[in-house]
Each structure stands twice: as C-alpha cells, then as structure tokens.
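Peer 1: Below: one structure in structure tokens.
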Amino acid sequence: MRSIWRQKTGIITGLILGMIIGAGGLIFISPPSGITTSYSITTAGSTTVYPLSQVWATYFHADNPGLTLNPSTGGSGLGQSLVSQGLIDVGASSSYPKQEYIDDNPHVAVIPISADALAIIVNEEVNGSVFKMDCDMAVAVFQREVTTWDEFASIFGVSVLQTGTIDVYVRSDASGTTATFAKWLETANQNINPNGAEYEWTLGHEEALSFPAGVNAVDGNPSVSSGVLSDDHGIGYVSLAFMEGAVIVDLYNPGNGEWISPSIVNTVKAIPTNLTSVDQDLMNSEIIGAYPIARLLFYLVNREFLRTYTVTFLAWCLFRGQTHVPDAGYVPINGTSAQQYALNIISDLVRNLS
C-alpha cells in the first residue's frame, strides 16, 4: 500500500501546490482511490497548541477519512526535540525556537499556523471583575519583589480588594508560553510608571525558568488556570484559550499608550501588514488597539522525514482549518501576512517532495 501511495505522490503534490498557488476554496485531499489503509499523522509539543490540534484532528479526519491526526502534549521543548529527530510528523511550539535550535536543525521548517495572546489572570477574590497591570507591576509580582497584595496596592497606588500573600502560579515544564511571557517582562523599561515604581526583569526568557522561591510551579496551561481559580490569592499567566472563569487583567501597551484586554480581535491587530520574518516580534505594537503580548503559534516539520499527507494536513490547516481556530479559543491568521508567509513555506515543502 505504501508503494502505491508513493506512486501517486507526484499527482497529489501537484494538486496541493496548485491549490496553494491559487489560494483556492476547498482544501482537502484524501489518499488515492483504491487505498484503504488509514494513515496517521503524529504531533506532540506545546500544551498551548494542543487544544487547537485536538479541534483540527476532528475536522481534518471528517474531510479526509483516510487520514488521522493524533495530537499529544509535553511542552514546546519536547515537540521541537522530537520533530528534529524525525520521531513525530509535526512538532507543536508556542514560541519560535531559539537561534541555537535553528542553527542545529536547518532541516526543520517552522510554520506559523495561528496567533495567540498571553493573559495575566487573577482569582475573582483578588479584585472582583476589573484589574489593570502594567509591565512593572507584572515584573514585581512574578519576580517576587512584591509578595503581598497590600504591598502591591501601596507601591503602585491602586485599589486591590484582597490582602495578604500574593500566590503566584507559573509553568514548571519547558514552555513557549513562559519564554514569550518572560520576553514581554523584559520590556518593562519601555513602561514609565507615573509613581516611579520601576522594576527590571532579570531571570531571562528560557522556556524553563528558575523562578524565585515561593512560586507555585505547575505543569501546563490547564494547571496554572486551575491553580488560580482555586486560590483566592492567586495570579498566573496563561494562553488565550485558558482564561475562562478567572478575572482577566487589562494590560498597558506602551507602544500605543492604551490599556488593552486580551481578545481575538485585539490580538490580530498586532500582526503587521508585512511580516518580514517568522520570528518577528509582535509585542507592544504601535498599532491602535493591539494587545501587548501577542504571538504566533507554530507547527514544525522535518524536511528529511516529510510525508506527502503531512503536507496535505498543513495545507488544510492554513485554509479550511482556519475557520475552526476560534473553536479552540485562538486567533485565525487567514487574510494576514502570517498566512501568506506560511503558504510560502508550504509551497517550498511541496516542491521538494519526492
């Protein structure tokens, strides 16, 4: 059966490439007629991307009954590692890999598939339904320089309902969410706090950080969310799809001078009209209404272990799959410069299929 599929590769490749070039309507290709074998596409990695992969698995299989997507988690670091070794078809990452990884793995293609925002959430007992923070405030809390809500209110001159210890929830696993959040914390110098309370982030922006003693380090976005929801002194950072039930903090964007809520609409505003690089920084955009901690989400594939039906899946994600992105709580990139950037990569992959 595999040899028959390989014989059809040229035909299928041409169909995929034709649809990409033409940006045509319906994007799905099942295995050639006469083949009854079910082909499985394996993914692993980011807990942020995982809900999207789950949604796509359902719809992709419905469109392509002979193809099945089997997503799993483990963190962005794991997804990057496994795909570089050819152990999975698709790696999922919520941050662009470090330059060292890119240099060591020139055979790995990094493809934007969706957009996301990172949110700071607090328990409703902390401040009811409304809360605002700038980057200095976030640094002070997550670096444990301010450890009580009383102190927080006093230093920053704000009103907080809660008193006592600030219970901070962070990620313990290798997480693109942590790396992205830390990169934003490093921009605290862009923020001018009117009361002179200025803080500097000194912990770096690795995917696995050594946070100060006293934080609650847990595995995955769901655990951060549930920790904050169950702790009336709790605060944490999560991806857009994991905010439900908590008080969502409005963040100050020094780029446009606005307090912005994390949402699909405000996140897509941060994507520039001309994306010049897939690792282009979307944070603190000067675009009016843009949320300050916006990012792209990625799939990674290994050119040396690339299968035709994996490219079929990627093409589907960038066309029909975009209509299902909001089902997972994320931001579609159809019609944006990020989609066009991704399609250019897919076209290159298709041309190099053998």
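Note on naming: chains are A, B, ... as they come in the structure tokens, residues start from 1 per chain, ligands start from 1 in the order shown.
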Extract the full set of alpha helix (DSSP H) residues from range 157-242 of chain A according to DSSP on the backbone, and format it as an NGL selection string.
Peer 2: :A and (176-185 or 221-229)
Peer 1: Restrict the selected residues to C-alpha atoms and save them as an mmCIF file, in the first residue's frame.
Peer 2:
```cif
data_model
loop_
_atom_site.group_PDB
_atom_site.id
_atom_site.type_symbol
_atom_site.label_atom_id
_atom_site.label_comp_id
_atom_site.auth_asym_id
_atom_site.auth_seq_id
_atom_site.Cartn_x
_atom_site.Cartn_y
_atom_site.Cartn_z
ATOM 1 C CA GLY A 176 6.946 28.527 24.914
ATOM 2 C CA THR A 177 4.323 30.365 26.936
ATOM 3 C CA THR A 178 6.885 31.011 29.677
ATOM 4 C CA ALA A 179 9.526 32.115 27.170
ATOM 5 C CA THR A 180 7.118 34.536 25.490
ATOM 6 C CA PHE A 181 5.801 35.931 28.771
ATOM 7 C CA ALA A 182 9.346 36.460 30.036
ATOM 8 C CA LYS A 183 10.284 38.291 26.830
ATOM 9 C CA TRP A 184 7.427 40.690 27.486
ATOM 10 C CA LEU A 185 8.556 41.145 31.101
ATOM 11 C CA ASN A 221 -1.637 25.935 30.988
ATOM 12 C CA PRO A 222 -4.573 23.997 32.483
ATOM 13 C CA SER A 223 -2.772 23.618 35.807
ATOM 14 C CA VAL A 224 -1.942 27.327 36.004
ATOM 15 C CA SER A 225 -5.558 28.194 35.274
ATOM 16 C CA SER A 226 -6.999 25.733 37.800
ATOM 17 C CA GLY A 227 -4.462 26.867 40.416
ATOM 18 C CA VAL A 228 -5.530 30.497 40.098
ATOM 19 C CA LEU A 229 -9.228 29.615 40.044
#
```
Peer 1: As a list in words, please: the residues near Leu161 in chain A (cut-off 12 Å, only C-alpha atoms, same-chain neighbours under 3 positions excluded).
Peer 2: Val122, Asn123, Glu124, Glu125, Val126, Asn127, Gly128, Ser129, Val130, Phe131, Thr148, Trp149, Asp150, Phe152, Ala153, Val158, Gly164, Asp232 and His233 of chain A
Peer 1: For those residues, write C-alpha atoms to a file as a PDB file, in the first residue's frame.
Peer 2:
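Below you can see part-v7.pdb, which holds the result:
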```pdb
ATOM      1  CA  VAL A 122      -6.275  36.597  38.907  1.00  0.00           C
ATOM      2  CA  ASN A 123      -8.810  34.976  41.167  1.00  0.00           C
ATOM      3  CA  GLU A 124     -12.044  36.947  41.416  1.00  0.00           C
ATOM      4  CA  GLU A 125     -11.440  37.436  45.157  1.00  0.00           C
ATOM      5  CA  VAL A 126      -8.348  39.489  44.335  1.00  0.00           C
ATOM      6  CA  ASN A 127     -10.187  42.300  42.598  1.00  0.00           C
ATOM      7  CA  GLY A 128     -13.703  41.430  41.551  1.00  0.00           C
ATOM      8  CA  SER A 129     -14.202  41.757  37.797  1.00  0.00           C
ATOM      9  CA  VAL A 130     -11.765  44.544  36.849  1.00  0.00           C
ATOM     10  CA  PHE A 131      -7.986  44.639  37.169  1.00  0.00           C
ATOM     11  CA  THR A 148       1.590  40.742  49.331  1.00  0.00           C
ATOM     12  CA  TRP A 149      -1.471  42.352  47.825  1.00  0.00           C
ATOM     13  CA  ASP A 150      -1.318  45.081  50.499  1.00  0.00           C
ATOM     14  CA  PHE A 152       1.190  45.823  45.733  1.00  0.00           C
ATOM     15  CA  ALA A 153      -1.655  48.308  46.291  1.00  0.00           C
ATOM     16  CA  VAL A 158      -4.002  51.097  43.003  1.00  0.00           C
ATOM     17  CA  GLY A 164      -2.155  39.014  52.381  1.00  0.00           C
ATOM     18  CA  ASP A 232      -8.384  33.316  46.339  1.00  0.00           C
ATOM     19  CA  HIS A 233      -4.939  34.971  46.426  1.00  0.00           C
TER      20      HIS A 233
END
```
Peer 1: Need the shell around Gln143 in chain A: protein/DNA/RNA residues with any atom at most 9 Å away, counting only C-alpha atoms. Skip same-chain ones fewer than 2 positions apart. Format as a PyMOL selection string?
Peer 2: chain A and resi 138-141+145-146+201-203+211-212
Peer 1: Just C-alpha atoms for this one: save the residues we selected as an mmCIF file, in the first residue's frame.
Peer 2:
```cif
data_model
loop_
_atom_site.group_PDB
_atom_site.id
_atom_site.type_symbol
_atom_site.label_atom_id
_atom_site.label_comp_id
_atom_site.auth_asym_id
_atom_site.auth_seq_id
_atom_site.Cartn_x
_atom_site.Cartn_y
_atom_site.Cartn_z
ATOM 1 C CA ALA A 138 3.930 42.156 36.485
ATOM 2 C CA VAL A 139 7.717 42.039 36.971
ATOM 3 C CA ALA A 140 7.352 42.955 40.643
ATOM 4 C CA VAL A 141 4.867 40.117 41.203
ATOM 5 C CA GLU A 145 9.848 41.575 44.655
ATOM 6 C CA VAL A 146 6.352 42.403 45.848
ATOM 7 C CA TRP A 201 13.247 41.535 34.815
ATOM 8 C CA THR A 202 16.491 39.623 35.459
ATOM 9 C CA LEU A 203 15.507 35.957 35.039
ATOM 10 C CA PHE A 211 11.666 31.309 39.348
ATOM 11 C CA PRO A 212 12.271 32.656 42.872
#
```
Peer 1: Set the distance at 6 Å and use only C-alpha atoms: which residues neighbour range 263-270 of chain A once local chain neighbours fewer than 6 positions away are removed? I'd like the list as number ranges by chain.
Peer 2: A: 282, 285, 289-291, 294, 331
Peer 1: If you run DSSP over the backbone, which residues in range 125-267 of chain A end up strand (DSSP E or B)? Put them as a ChimeraX atom specification.
Peer 2: /A:132-133,148,165,167-171,216-218,234-239,247-248,250-253,258-260
Peer 1: Applying 7 Å and only C-alpha atoms, which residues near Tyr237 in chain A remain after dropping the ones on its own chain fewer than 3 positions away? List them as a list in words.
Peer 2: Leu118, Ala119, Ile120, Ile121 and Val170 of chain A
Peer 1: Write the residues you've just listed into a file as a PDB file, in the first residue's frame, and include N, CA and C atoms for each of them.
Peer 2:
```pdb
ATOM      1  N   LEU A 118      -1.095  36.131  25.351  1.00  0.00           N
ATOM      2  CA  LEU A 118      -0.870  35.658  26.716  1.00  0.00           C
ATOM      3  C   LEU A 118      -1.579  36.589  27.674  1.00  0.00           C
ATOM      4  N   ALA A 119      -2.273  36.005  28.622  1.00  0.00           N
ATOM      5  CA  ALA A 119      -3.048  36.797  29.575  1.00  0.00           C
ATOM      6  C   ALA A 119      -2.535  36.584  30.989  1.00  0.00           C
ATOM      7  N   ILE A 120      -2.604  37.637  31.787  1.00  0.00           N
ATOM      8  CA  ILE A 120      -2.443  37.500  33.227  1.00  0.00           C
ATOM      9  C   ILE A 120      -3.839  37.376  33.808  1.00  0.00           C
ATOM     10  N   ILE A 121      -4.035  36.374  34.620  1.00  0.00           N
ATOM     11  CA  ILE A 121      -5.332  36.156  35.250  1.00  0.00           C
ATOM     12  C   ILE A 121      -5.185  36.179  36.759  1.00  0.00           C
ATOM     13  N   VAL A 170       3.138  29.606  38.064  1.00  0.00           N
ATOM     14  CA  VAL A 170       3.981  29.649  36.870  1.00  0.00           C
ATOM     15  C   VAL A 170       4.101  28.240  36.308  1.00  0.00           C
TER      16      VAL A 170
END
```
Peer 1: In terms of the shortest atom-to-atom distance over only C-alpha atoms, which of A:Pro332, A:Gly79, A:Pro326, A:Gly66 is closest to Ser114 in chain A?
Peer 2: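 Among the listed residues, A:Pro332 lies closest to Ser114 in chain A.
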Peer 1: Can you tell me how far CA of Gly91 in chain A sits from CA of Leu300 in chain A, in Å to one decimal?
Peer 2: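 Those two atoms sit 4.8 Å apart.
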Peer 1: Which residues are close to Gly335 in chain A, i.e. within 12 Å by only C-alpha atoms, leaving aside same-chain residues fewer than 6 positions away? Reply as number ranges by chain.
Peer 2: A: 23, 114, 268, 271-274, 318-319, 322-323, 341-343
Peer 1: For a quick check of understanding, using only C-alpha atoms, which of A:Phe60, A:Phe305, A:Trp259, A:Phe298 has the smallest distance to Gln80 in chain A?
Peer 2: A:Phe298
Peer 1: Given the choices A:Thr68, A:Ser81, A:Asn216, A:Gln339, which gets closest to Leu297 in chain A if the distance is worked out from only C-alpha atoms?
Peer 2: A:Gln339
Peer 1: Excluding range 85-88 of chain A and residues on its chain fewer than 4 positions from it, collect all residues at most 8 Å away from it, counting only C-alpha atoms, and give them as number ranges by chain.
Peer 2: A: 41-44, 81, 302, 304-305
Peer 1: Deliver the residues from the most recent selection as a file, using C-alpha atoms, as a compact mmCIF listing (two decimals), in the first residue's frame.
Peer 2:
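Final output, part28.txt:
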```txt
# COMPACT_ATOMS: atom_id res chain seq x y z
CA ILE A 41 -0.09 11.91 11.41
CA THR A 42 1.56 12.27 14.81
CA THR A 43 2.04 15.54 16.68
CA ALA A 44 3.47 16.43 20.08
CA SER A 81 13.19 17.88 20.06
CA ASN A 302 11.36 17.79 9.40
CA GLU A 304 14.17 14.79 5.88
CA PHE A 305 11.19 12.79 7.20
```
Peer 1: Between A:Cys317, A:Ala62, A:Ala117, A:Leu209, which has the minimum distance to Asp173 in chain A (counting only C-alpha atoms)?
Peer 2: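 Ranked by minimum distance to Asp173 in chain A, first place goes to A:Leu209.
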Peer 1: Have a look at CA of Tyr96 in chain A and CA of Phe313 in chain A and let me know their distance in Å, one decimal.
Peer 2: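 Computing the Euclidean distance for CA of Tyr96 in chain A and CA of Phe313 in chain A yields 20.6 Å.
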